[in-house]
Each structure stands twice: as structure tokens, then as C-alpha cells.
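The structure appears right after this line, and notes come after that.
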Amino acid sequence: MVALHGWGANAEDLASLAAYLQLPSYQLLFPNAPLPHPHAPNGRAWYALV
């Protein structure tokens with residue numbers, strides 16, 4: 001399962017879901033967006049909002 005974080009968040013925000021979901025037969029992927037967020041130091045963005 002692939003879970004994408006929201007604008008300004010990062011993959012670490014979703015990592016705690018792995019234990020909560022308890023899906024042993026699934027591989028969970030939490031990728032980071034490719035762009036740095038313009039206003040959040042550790043945040044990421046999937047695309048620019050301009």
C-alpha cells in the first residue's frame with residue numbers, strides 16, 4: 001500500500017500508521033514528495049502551488 005502525505009508534511013508523519021493499521025501481509029510505502037515546502041522547514045510538496 002502506498003500512502004502519500006499532505007502538502008507541507010513528510011513521510012515521517014505517516015510512519016506511525018504502520019503499527020496502527022496492523023496489516024502483516026501488506027508492504028507499506030510512505031514516500032517523501034520531491035519538492036521542499038516553501039514555508040515548512042521539514043515539509044515536502046508533490047507540486048508547487050502557484
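All residue names refer to the C-alpha cells as shown: chains lettered A, B, ... in order, residues numbered from 1 in each chain, ligands numbered from 1 in order.
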
Report task. Excluding His37 (chain A) and any residue of its chain fewer than 5 positions from it, enumerate the residues within 10 Å of it, using only C-alpha atoms, and give them as a ChimeraX atom specification. Result -> /A:7-10,42-49

Query raised in the report: When DSSP works through the backbone of this structure, what residues of chain A end up as strand (DSSP E), shown as number ranges by chain?
Result: A: 35-36, 44-45

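Considering only chain A, backbone DSSP assigns helix (DSSP H, G or I) to Glu12, Asp13, Leu14, Ala15, Leu17, Ala18, Ala19, Tyr20 and Leu21 of chain A.
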
Selection to disk with N, CA and C atoms, as an mmCIF file, in the first residue's frame:
data_model
loop_
_atom_site.group_PDB
_atom_site.id
_atom_site.type_symbol
_atom_site.label_atom_id
_atom_site.label_comp_id
_atom_site.auth_asym_id
_atom_site.auth_seq_id
_atom_site.Cartn_x
_atom_site.Cartn_y
_atom_site.Cartn_z
ATOM 1 N N GLU A 12 7.623 10.906 7.412
ATOM 2 C CA GLU A 12 7.686 10.565 8.837
ATOM 3 C C GLU A 12 6.335 10.753 9.528
ATOM 4 N N ASP A 13 5.522 11.665 9.015
ATOM 5 C CA ASP A 13 4.200 11.884 9.604
ATOM 6 C C ASP A 13 3.298 10.663 9.457
ATOM 7 N N LEU A 14 3.548 9.848 8.449
ATOM 8 C CA LEU A 14 2.716 8.672 8.199
ATOM 9 C C LEU A 14 3.310 7.375 8.742
ATOM 10 N N ALA A 15 4.571 7.384 9.110
ATOM 11 C CA ALA A 15 5.250 6.150 9.517
ATOM 12 C C ALA A 15 4.566 5.456 10.695
ATOM 13 N N LEU A 17 1.561 5.024 11.149
ATOM 14 C CA LEU A 17 0.393 4.273 10.679
ATOM 15 C C LEU A 17 0.676 2.786 10.523
ATOM 16 N N ALA A 18 1.904 2.424 10.253
ATOM 17 C CA ALA A 18 2.253 1.019 10.014
ATOM 18 C C ALA A 18 1.825 0.135 11.186
ATOM 19 N N ALA A 19 2.143 0.532 12.399
ATOM 20 C CA ALA A 19 1.771 -0.258 13.579
ATOM 21 C C ALA A 19 0.267 -0.197 13.833
ATOM 22 N N TYR A 20 -0.333 0.939 13.591
ATOM 23 C CA TYR A 20 -1.762 1.119 13.836
ATOM 24 C C TYR A 20 -2.617 0.288 12.880
ATOM 25 N N LEU A 21 -2.226 0.212 11.613
ATOM 26 C CA LEU A 21 -3.024 -0.500 10.616
ATOM 27 C C LEU A 21 -2.991 -2.013 10.795
#

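Atom pair CA of Leu4 (chain A) / CA of His39 (chain A): separated by 19.1 Å.
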
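Here CA of Val50 (chain A) is placed at a distance of 25.3 Å from CA of Phe30 (chain A).
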
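With only C-alpha atoms taken into account, the protein and nucleic acid residues at most 8 Å from Leu29 (chain A) (excluding it and anything under 3 positions from it in its own chain) are Met1, Val2 and Ala3 of chain A.
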
How would the residues just chosen look if you wrote them out with N, CA and C atoms as a PDB file, in the first residue's frame?
ATOM      1  N   MET A   1       0.853  -1.153   0.000  1.00  0.00           N
ATOM      2  CA  MET A   1       0.000   0.000   0.000  1.00  0.00           C
ATOM      3  C   MET A   1       0.905   1.224   0.000  1.00  0.00           C
ATOM      4  N   VAL A   2       0.550   2.198  -0.803  1.00  0.00           N
ATOM      5  CA  VAL A   2       1.294   3.454  -0.852  1.00  0.00           C
ATOM      6  C   VAL A   2       0.414   4.539  -0.247  1.00  0.00           C
ATOM      7  N   ALA A   3       0.963   5.264   0.719  1.00  0.00           N
ATOM      8  CA  ALA A   3       0.242   6.372   1.346  1.00  0.00           C
ATOM      9  C   ALA A   3       1.036   7.650   1.106  1.00  0.00           C
TER      10      ALA A   3
END

Query raised in the report: CA of Ala11 (chain A) and CA of Pro31 (chain A), how far apart in Å?
Result: 5.6 Å
